[in-house]
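Text of data08.cif (mmCIF, C-alpha atoms) as supplied:
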data_run
#
loop_
_atom_site.label_atom_id
_atom_site.label_comp_id
_atom_site.auth_asym_id
_atom_site.auth_seq_id
_atom_site.Cartn_x
_atom_site.Cartn_y
_atom_site.Cartn_z
CA SER A 1 12.14 10.11 -3.80
CA TRP A 2 8.46 10.83 -3.16
CA LYS A 3 6.53 7.59 -2.49
CA MET A 4 3.38 8.25 -4.54
CA LEU A 5 1.37 6.53 -7.24
CA GLY A 6 -1.04 8.30 -9.57
CA THR A 7 -3.70 7.10 -11.97
CA LEU A 8 -5.74 8.59 -14.77
CA ARG A 9 -8.82 6.95 -16.23
CA SER A 10 -10.37 7.48 -19.63
CA GLY A 11 -14.03 7.83 -20.44
CA ILE A 12 -14.60 10.93 -18.29
CA CYS A 13 -16.82 13.75 -19.50
CA PHE A 14 -15.16 17.16 -19.18
CA ASN A 15 -18.01 19.33 -20.50
CA GLN A 16 -18.07 22.66 -18.65
CA ARG A 17 -15.21 21.39 -16.46
CA ARG A 18 -13.95 24.88 -15.65
CA LEU A 19 -17.30 26.65 -15.61
CA LEU A 20 -18.49 24.96 -12.42
CA SER A 21 -16.82 23.81 -9.23
CA MET A 22 -17.25 20.28 -7.93
CA SER A 23 -17.80 18.88 -4.45
CA VAL A 24 -18.75 15.61 -2.81
CA LYS A 25 -21.88 15.71 -0.63
CA HIS A 26 -24.13 13.46 1.39
CA SER A 27 -27.58 14.23 2.82
CA VAL A 28 -27.89 11.16 5.06
CA CYS A 29 -25.43 9.01 6.97
CA GLY A 30 -24.75 5.53 5.66
CA ALA A 31 -22.36 3.41 3.63
CA PRO A 32 -20.11 5.85 1.72
CA GLN A 33 -20.53 4.07 -1.62
CA ASP A 34 -24.32 4.49 -1.28
CA VAL A 35 -24.76 8.03 0.06
CA LEU A 36 -21.95 10.10 -1.51
CA LYS A 37 -22.49 12.10 -4.68
CA LEU A 38 -20.08 14.18 -6.76
CA GLU A 39 -21.95 17.36 -7.69
CA SER A 40 -21.31 20.51 -9.70
CA VAL A 41 -21.81 23.74 -7.76
CA ASP A 42 -21.51 27.43 -8.52
CA PRO A 43 -18.04 28.93 -8.02
CA ILE A 44 -17.44 30.78 -4.76
CA GLY A 45 -18.29 34.45 -4.62
CA LYS A 46 -16.78 37.43 -2.81
CA VAL A 47 -15.18 36.80 0.57
CA GLY A 48 -16.01 38.63 3.79
CA PRO A 49 -13.51 40.86 5.63
CA ASN A 50 -12.18 38.00 7.84
CA GLN A 51 -12.53 35.27 5.24
CA VAL A 52 -10.19 33.48 2.85
CA ALA A 53 -11.00 32.05 -0.58
CA LEU A 54 -9.35 28.68 -1.20
CA LYS A 55 -8.57 26.40 -4.12
CA MET A 56 -8.21 22.87 -2.76
CA LEU A 57 -5.12 21.07 -4.01
CA ALA A 58 -5.38 17.62 -2.45
CA ALA A 59 -7.29 15.75 0.26
CA PRO A 60 -6.99 12.18 1.56
CA ILE A 61 -9.74 9.64 2.13
CA ASN A 62 -9.15 8.68 5.76
CA PRO A 63 -10.92 5.94 7.75
CA SER A 64 -12.16 8.69 10.05
CA ASP A 65 -13.80 10.40 7.05
CA LEU A 66 -15.64 7.18 6.17
CA ASN A 67 -16.70 6.66 9.80
CA MET A 68 -18.01 10.22 9.91
CA ILE A 69 -20.06 9.59 6.75
CA GLU A 70 -21.43 6.43 8.41
CA GLY A 71 -22.34 8.47 11.51
CA VAL A 72 -20.09 6.52 13.90
CA TYR A 73 -17.24 8.99 14.49
CA GLY A 74 -16.48 11.30 17.42
CA ILE A 75 -17.46 14.32 15.28
CA LYS A 76 -20.99 14.39 13.87
CA ALA A 77 -21.58 16.00 10.47
CA LYS A 78 -24.32 18.61 10.12
CA LEU A 79 -26.28 17.36 7.11
CA PRO A 80 -26.18 17.93 4.23
CA ALA A 81 -22.41 17.81 4.49
CA ILE A 82 -19.22 17.90 2.46
CA PRO A 83 -16.93 15.18 3.84
CA GLY A 84 -13.19 15.38 4.38
CA ASN A 85 -11.41 16.39 7.59
CA GLU A 86 -7.95 16.84 6.09
CA GLY A 87 -6.41 18.43 3.00
CA VAL A 88 -4.31 21.26 1.66
CA ALA A 89 -5.44 24.37 -0.22
CA VAL A 90 -3.83 27.40 -1.80
CA VAL A 91 -5.09 30.86 -0.82
CA LYS A 92 -6.65 32.60 -3.83
CA ASN A 93 -8.00 35.74 -2.17
CA VAL A 94 -8.26 37.25 1.31
CA GLY A 95 -10.64 39.66 3.01
CA GLU A 96 -9.52 43.15 3.95
CA LYS A 97 -9.01 42.28 7.66
CA VAL A 98 -7.05 39.06 7.12
CA ALA A 99 -3.52 39.56 8.49
CA SER A 100 -1.88 36.14 8.81
CA LEU A 101 -2.43 34.82 5.28
CA LYS A 102 -1.87 36.09 1.75
CA GLU A 103 -2.52 34.92 -1.80
CA GLY A 104 -0.37 31.92 -2.68
CA ASP A 105 0.00 30.59 0.88
CA TRP A 106 -0.77 26.92 1.52
CA VAL A 107 -3.13 26.11 4.39
CA ILE A 108 -4.72 23.12 6.11
CA PRO A 109 -7.84 23.04 8.33
CA HIS A 110 -7.21 23.87 11.97
CA GLY A 111 -9.90 21.48 13.21
CA GLY A 112 -12.05 18.57 12.05
CA GLY A 113 -15.21 18.65 9.97
CA PHE A 114 -13.90 21.23 7.49
CA GLY A 115 -15.18 19.52 4.35
CA THR A 116 -12.13 19.17 2.11
CA TRP A 117 -13.64 17.01 -0.65
CA ARG A 118 -14.38 19.95 -2.92
CA GLU A 119 -12.50 22.13 -5.37
CA GLU A 120 -13.17 25.52 -3.77
CA ALA A 121 -14.02 26.79 -0.31
CA VAL A 122 -14.38 29.94 1.76
CA ALA A 123 -13.16 29.81 5.36
CA GLU A 124 -12.61 32.07 8.33
CA GLU A 125 -8.98 33.04 8.84
CA GLY A 126 -8.96 31.43 12.30
CA ASP A 127 -10.05 28.05 10.89
CA LEU A 128 -6.84 27.66 8.88
CA ASP A 129 -3.20 26.91 9.66
CA LYS A 130 -0.38 27.83 7.29
CA ILE A 131 1.84 24.99 6.09
CA PRO A 132 5.12 25.03 4.11
CA ASN A 133 4.53 24.97 0.34
CA ASP A 134 7.88 23.49 -0.71
CA ILE A 135 6.82 19.84 -0.42
CA PRO A 136 4.44 17.87 -2.68
CA ALA A 137 0.81 18.89 -2.20
CA ALA A 138 -0.22 15.30 -1.51
CA TYR A 139 2.24 15.17 1.40
CA ALA A 140 1.04 18.52 2.74
CA ALA A 141 -2.54 17.23 2.57
CA VAL A 142 -1.88 14.39 5.03
CA LEU A 143 0.66 15.86 7.49
CA GLY A 144 -1.95 17.13 9.94
CA VAL A 145 -3.30 13.79 11.21
CA ASN A 146 -1.27 10.59 10.80
CA PRO A 147 2.32 11.91 10.82
CA SER A 148 1.31 14.45 13.48
CA THR A 149 -0.12 11.62 15.60
CA ALA A 150 3.19 9.74 15.33
CA TYR A 151 5.08 12.92 16.29
CA ARG A 152 2.95 13.50 19.38
CA LEU A 153 3.05 9.86 20.51
CA LEU A 154 6.84 9.96 20.54
CA ARG A 155 7.13 13.44 22.07
CA ASP A 156 4.36 13.45 24.67
CA PHE A 157 4.40 10.06 26.39
CA GLY A 158 6.95 8.26 28.56
CA ASN A 159 9.64 10.96 28.56
CA LEU A 160 11.49 8.97 25.91
CA GLN A 161 15.26 9.43 25.61
CA PRO A 162 17.70 8.40 22.85
CA GLY A 163 18.29 4.67 23.05
CA ASP A 164 14.85 3.89 24.55
CA TYR A 165 12.50 1.30 23.07
CA VAL A 166 8.86 1.66 22.03
CA ILE A 167 6.55 -1.14 20.94
CA GLN A 168 3.56 -0.72 18.62
CA ASN A 169 0.93 -2.75 16.82
CA ALA A 170 -0.54 -1.68 13.45
CA ALA A 171 3.08 -0.89 12.63
CA ASN A 172 2.39 -0.97 8.88
CA SER A 173 -0.35 1.69 9.14
CA MET A 174 0.46 5.23 8.10
CA VAL A 175 0.91 6.24 11.74
CA GLY A 176 3.00 3.15 12.43
CA LEU A 177 5.33 3.70 9.48
CA ALA A 178 5.76 7.33 10.53
CA VAL A 179 6.53 6.22 14.11
CA VAL A 180 9.36 4.01 12.83
CA GLN A 181 10.91 6.81 10.75
CA LEU A 182 10.50 9.56 13.34
CA ALA A 183 11.81 7.29 16.09
CA ASN A 184 14.97 6.76 14.05
CA LEU A 185 15.39 10.53 13.75
CA MET A 186 14.96 10.88 17.52
CA GLY A 187 17.42 8.09 18.37
CA LEU A 188 14.69 5.67 19.55
CA LYS A 189 14.33 1.95 18.73
CA THR A 190 11.05 0.40 17.60
CA ILE A 191 9.51 -3.04 18.12
CA ASN A 192 6.82 -3.45 15.48
CA ILE A 193 3.88 -5.85 15.22
CA VAL A 194 1.90 -6.58 12.05
CA ARG A 195 -1.28 -8.66 11.89
CA SER A 196 -0.49 -12.26 11.03
CA ASP A 197 -3.68 -12.71 9.02
CA ARG A 198 -2.62 -10.20 6.36
CA PRO A 199 -1.86 -12.02 3.09
CA ASP A 200 1.16 -9.75 2.60
CA VAL A 201 2.43 -9.83 6.18
CA TYR A 202 6.02 -10.71 5.27
CA THR A 203 6.16 -7.97 2.64
CA GLU A 204 5.06 -5.53 5.33
CA LEU A 205 7.70 -6.84 7.73
CA ARG A 206 10.39 -6.37 5.07
CA LEU A 207 9.23 -2.79 4.57
CA LEU A 208 9.60 -2.14 8.30
CA ASP A 209 13.10 -3.64 8.13
CA ASN A 210 13.97 -1.28 5.29
CA LEU A 211 12.63 1.74 7.18
CA GLY A 212 14.79 0.96 10.20
CA GLY A 213 12.49 -0.94 12.54
CA MET A 214 14.66 -2.78 15.06
CA LEU A 215 12.45 -5.85 15.67
CA ASN A 216 9.53 -6.58 13.34
CA VAL A 217 7.25 -9.55 14.00
CA PRO A 218 3.83 -10.95 13.06
CA SER A 219 1.15 -10.73 15.74
CA ASP A 220 1.05 -14.51 16.31
CA TYR A 221 4.70 -14.47 17.33
CA ALA A 222 4.14 -11.46 19.62
CA ALA A 223 1.91 -13.73 21.74
CA THR A 224 4.66 -16.30 22.39
CA HIS A 225 7.06 -16.91 25.26
CA SER A 226 9.96 -16.69 22.79
CA PHE A 227 9.02 -13.11 21.95
CA ARG A 228 8.82 -12.17 25.62
CA GLU A 229 12.27 -13.68 26.17
CA ILE A 230 13.72 -11.53 23.39
CA ILE A 231 12.23 -8.41 24.97
CA SER A 232 13.54 -9.35 28.42
CA ASP A 233 17.09 -9.63 27.00
CA LEU A 234 17.14 -6.06 25.65
CA ASP A 235 19.61 -3.64 27.21
CA ARG A 236 16.74 -1.38 28.37
CA PRO A 237 13.15 -2.07 29.43
CA VAL A 238 10.25 -1.22 27.12
CA ARG A 239 8.36 1.61 28.80
CA VAL A 240 5.89 2.80 26.13
CA ALA A 241 3.44 0.98 23.84
CA PHE A 242 1.28 2.47 21.08
CA ASN A 243 -1.98 0.59 20.52
CA ALA A 244 -4.17 1.05 17.43
CA VAL A 245 -5.72 -2.43 17.34
CA GLY A 246 -7.16 -3.41 20.72
CA GLY A 247 -8.22 -6.93 21.60
CA ARG A 248 -5.55 -9.55 22.30
CA SER A 249 -2.84 -7.51 20.60
CA ALA A 250 -3.03 -4.87 23.34
CA GLU A 251 -2.50 -7.48 26.06
CA ASP A 252 0.46 -9.00 24.20
CA MET A 253 2.16 -5.61 24.30
CA ALA A 254 1.17 -4.99 27.92
CA ARG A 255 2.89 -8.24 28.94
CA VAL A 256 6.28 -6.94 27.79
CA LEU A 257 5.92 -3.41 29.19
CA HIS A 258 8.10 -2.57 32.17
CA HIS A 259 6.56 -1.92 35.59
CA GLY A 260 4.95 1.52 35.51
CA GLY A 261 4.99 1.58 31.70
CA THR A 262 2.53 3.51 29.54
CA MET A 263 0.15 2.21 26.88
CA VAL A 264 -1.34 4.86 24.60
CA THR A 265 -4.41 3.84 22.58
CA TYR A 266 -5.07 5.98 19.50
CA GLY A 267 -7.17 3.59 17.38
CA GLY A 268 -9.27 0.42 17.42
CA MET A 269 -8.80 -1.34 14.11
CA SER A 270 -9.98 -4.72 15.44
CA LYS A 271 -13.23 -3.07 16.64
CA ARG A 272 -12.67 -4.91 19.92
CA PRO A 273 -12.10 -3.34 23.34
CA VAL A 274 -8.64 -3.11 24.88
CA GLU A 275 -8.38 -6.46 26.68
CA ILE A 276 -5.80 -6.49 29.48
CA SER A 277 -6.05 -8.86 32.40
CA GLN A 278 -6.41 -7.54 35.92
CA GLU A 279 -3.14 -9.05 37.12
CA ILE A 280 -1.10 -7.35 34.37
CA LEU A 281 -2.78 -4.00 34.99
CA ASN A 282 -2.49 -4.20 38.77
CA TYR A 283 0.88 -5.85 39.26
CA LYS A 284 2.63 -3.79 36.59
CA GLN A 285 0.85 -0.57 37.58
CA LEU A 286 0.45 0.40 33.94
CA ASP A 287 -0.62 3.89 32.89
CA MET A 288 -3.39 3.49 30.29
CA ARG A 289 -3.83 6.61 28.16
CA GLY A 290 -5.85 7.67 25.13
CA PHE A 291 -4.86 10.00 22.30
CA TRP A 292 -6.94 11.76 19.62
CA MET A 293 -5.29 14.32 17.36
CA THR A 294 -8.48 16.38 17.10
CA GLU A 295 -8.54 16.82 20.88
CA TRP A 296 -4.82 17.65 20.99
CA VAL A 297 -5.37 20.49 18.50
CA LYS A 298 -8.19 21.87 20.66
CA ARG A 299 -6.12 21.80 23.85
CA ASN A 300 -2.82 23.14 22.53
CA SER A 301 -1.67 26.39 20.99
CA ARG A 302 -1.63 27.11 17.28
CA GLU A 303 2.09 27.88 17.63
CA ASP A 304 2.79 24.38 18.97
CA ARG A 305 1.02 22.87 15.98
CA LEU A 306 2.88 25.07 13.49
CA VAL A 307 6.23 24.05 14.99
CA MET A 308 5.23 20.40 14.61
CA LEU A 309 4.10 20.87 10.99
CA GLU A 310 7.33 22.69 10.13
CA ASP A 311 9.37 19.84 11.65
CA LEU A 312 7.43 17.23 9.66
CA ALA A 313 7.61 19.21 6.41
CA GLY A 314 11.34 19.67 6.92
CA TRP A 315 11.88 15.92 7.26
CA VAL A 316 9.78 15.35 4.14
CA LYS A 317 11.82 17.89 2.20
CA GLN A 318 15.06 16.22 3.36
CA GLU A 319 13.59 12.83 2.32
CA GLN A 320 13.86 11.53 5.88
CA LEU A 321 10.11 10.93 6.14
CA SER A 322 8.40 8.91 3.41
CA LEU A 323 4.63 8.61 3.15
CA PHE A 324 2.96 6.00 0.98
CA LEU A 325 0.25 7.61 -1.13
CA GLU A 326 -1.91 6.83 -4.16
CA LEU A 327 -3.32 9.80 -6.10
CA HIS A 328 -6.56 9.92 -8.07
CA ASP A 329 -8.02 12.90 -9.87
CA PHE A 330 -11.05 14.36 -8.13
CA ASP A 331 -13.35 13.92 -11.13
CA ASP A 332 -12.72 10.17 -10.80
CA PHE A 333 -13.94 10.21 -7.20
CA GLN A 334 -16.02 7.03 -7.40
CA TYR A 335 -13.02 4.94 -8.40
CA ALA A 336 -10.88 6.56 -5.70
CA LEU A 337 -13.55 5.71 -3.12
CA GLU A 338 -13.64 2.09 -4.30
CA ARG A 339 -9.87 1.90 -3.92
CA SER A 340 -10.06 3.32 -0.40
CA LEU A 341 -12.49 0.59 0.66
CA LEU A 342 -10.25 -2.29 -0.43
CA PRO A 343 -8.76 -4.36 2.42
CA ASN A 344 -5.04 -4.63 3.17
CA ARG A 345 -4.00 -1.42 1.46
CA ARG A 346 -0.76 0.26 2.44
CA ARG A 347 -1.00 3.43 0.34
CA LYS A 348 -3.41 6.11 1.49
CA ILE A 349 -5.81 7.33 -1.20
CA VAL A 350 -5.43 11.05 -1.91
CA LEU A 351 -7.79 13.07 -4.11
CA ASN A 352 -5.97 15.37 -6.52
CA MET A 353 -7.98 18.56 -7.05
CA ASP A 354 -5.23 20.24 -9.10
CA TYR A 355 -5.44 18.04 -12.18
CA PRO A 356 -5.05 19.46 -15.70
CA ASP A 357 -7.91 20.85 -17.75
CA ARG A 358 -7.80 18.13 -20.38
CA LEU A 359 -10.56 19.72 -22.46
CA ALA A 360 -8.42 22.85 -22.78
CA GLN A 361 -5.45 20.63 -23.63
CA HIS A 362 -7.44 19.01 -26.38
CA ASP A 363 -8.69 22.33 -27.76
CA GLU A 364 -5.09 23.51 -28.01
CA LEU A 365 -4.05 20.27 -29.71
CA ALA A 366 -6.95 20.46 -32.18
CA LYS A 367 -5.48 23.62 -33.68
CA ASP A 368 -2.78 21.44 -35.22
CA LYS A 369 -4.34 18.00 -35.42
CA GLU A 370 -8.03 17.79 -36.06
CA GLU A 371 -9.98 15.35 -33.86
CA ASN A 372 -6.86 13.82 -32.30
CA TYR A 373 -8.17 12.30 -29.08
CA SER A 374 -5.74 9.38 -28.89
CA MET A 375 -3.33 11.03 -26.47
CA PHE A 376 -6.13 11.31 -23.89
CA ASP A 377 -6.86 7.58 -23.85
CA VAL A 378 -4.82 6.62 -20.81
CA ASP A 379 -4.40 3.05 -19.63
CA PRO A 380 -6.18 2.93 -16.22
CA LEU A 381 -3.33 0.80 -14.84
CA MET A 382 -0.56 3.21 -15.76
CA HIS A 383 1.29 4.86 -12.89
#
structure tokens encoding of this file:
Amino acid sequence: SWKMLGTLRSGICFNQRRLLSMSVKHSVCGAPQDVLKLESVDPIGKVGPNQVALKMLAAPINPSDLNMIEGVYGIKAKLPAIPGNEGVAVVKNVGEKVASLKEGDWVIPHGGGFGTWREEAVAEEGDLDKIPNDIPAAYAAVLGVNPSTAYRLLRDFGNLQPGDYVIQNAANSMVGLAVVQLANLMGLKTINIVRSDRPDVYTELRLLDNLGGMLNVPSDYAATHSFREIISDLDRPVRVAFNAVGGRSAEDMARVLHHGGTMVTYGGMSKRPVEISQEILNYKQLDMRGFWMTEWVKRNSREDRLVMLEDLAGWVKQEQLSLFLELHDFDDFQYALERSLLPNRRRKIVLNMDYPDRLAQHDELAKDKEENYSMFDVDPLMH
């Protein structure tokens, strides 16, 4: 079953809800809760010959989005800007020269900095990639970054073969959970590390057990001799490590990598540099690599990306890949943003741009029951 939560909140004003389009904007870089504003804008007009008119369906709030708003990401926003690097939209209209897309297709941005936190957009045909439309929109909205990163880590590094082992920190992140599930599909075995200082660390370890992680440990234990002994007793050496934390955690993984092994760094959640001693690096002759999905998209063909997205969507459809999401209607953006800033979250916050027109619902209801607003008073904690 789809792993999603959704919330509705009462007390929202819906006046002129369908007469104007909405978007989130910021004119300066800074703390997201201080600089972002949800604004009403005029609906999009006629598209050019090579352009596509879009209705956004869903878009996540990613850490990279927040970093970009703060001005500390690898892509710099041209201000004023609409945030959001990732999301899914349905094609509403196409220009006369558009050949690869048609009305009703689902698309995601080809590159970063698209600006997905809005209800409508116009884009050039070449800035969009088609995605299967037979999975939930919230899943389609997030396939292009985190699950795609997991896919590429497993496919592109270490020449991994069925039966091989990989080790990763941040195993309970969205990328980490996808690595565990995709590794199972590829016949690989995962060794997974979760930060010991999380208040829910053992809940996270149980989740990894349930998803098929072979060995799941807290980070304190990964620093011990006992852990290294367990790794040394495996039937094959560990040749590849995926690092999204940095600091001491990276060195703990490097210590159990086989001679000539590869460590791929794709994140820095601890905000500390990758700390690996000279003797480990030299004596083990480790291959230290970096990975950034945005750069991979630039350097590889559109066809390669479409094959990857079709693989991921197929596994979602077959319920072999579960993503942990929490949906909030776009007109309740401020609450969704607050939720995204909470520590120790597992579920990724996704903005739902395809929510019902509740004012129209009420107008229809009022034909039969005058002034009956009670059905629209939804408990904010309901899921």
* To do: State, in Å with one decimal place, the distance from atom CA of Thr262 of chain A to atom CA of Asp287 of chain A.
  => 4.6 Å
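In this structure, atom CA of Arg272 of chain A sits 10.7 Å away from atom CA of Ala244 of chain A.
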* Can you work out which one of A:Thr116, A:Gln51, A:Asn62, A:Gln161 has the shortest atom-to-atom distance to Lys25 of chain A, counting all atoms listed in the file? =>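 Distance minimum relative to Lys25 of chain A lands on A:Thr116.
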* To do: Can you work out which one of A:Val52, A:Met293, A:Leu128, A:Leu79 has the shortest atom-to-atom distance to Val175 of chain A, counting only C-alpha atoms?
  => A:Met293
* To do: Just say which residues the PyMOL selection byres ((chain A and resi 70) around 7) picks in this file, as a VMD selection string.
  => chain A and resid 29 to 32 66 to 69 71 to 72
* Which residue gives the smallest distance to Ser301 of chain A among A:His258, A:Lys102, A:Arg155, A:His110, with only C-alpha atoms counted? ->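 Nearest to Ser301 of chain A: A:His110.
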* Target residues per the PyMOL selection byres ((chain A and resi 59) around 8), formatted as a ChimeraX atom specification -> /A:56-58,60-61,84,86-88,116-117,138,141-142,350-353
* Residues at most 7 Å from Val91 of chain A, counting all atoms listed in the file, excluding those fewer than 2 positions away in the same chain, as a VMD selection string? -> chain A and resid 52 to 55 89 93 102 to 106
Return as AutoDock Vina command-line options the box centre and box size in Å, one decimal, for an axis-aligned box around all listed atoms of segment 288-307 of chain A padded by 8 Å per side.
--center_x -1.2 --center_y 15.7 --center_z 21.9 --size_x 30.8 --size_y 40.4 --size_z 32.8
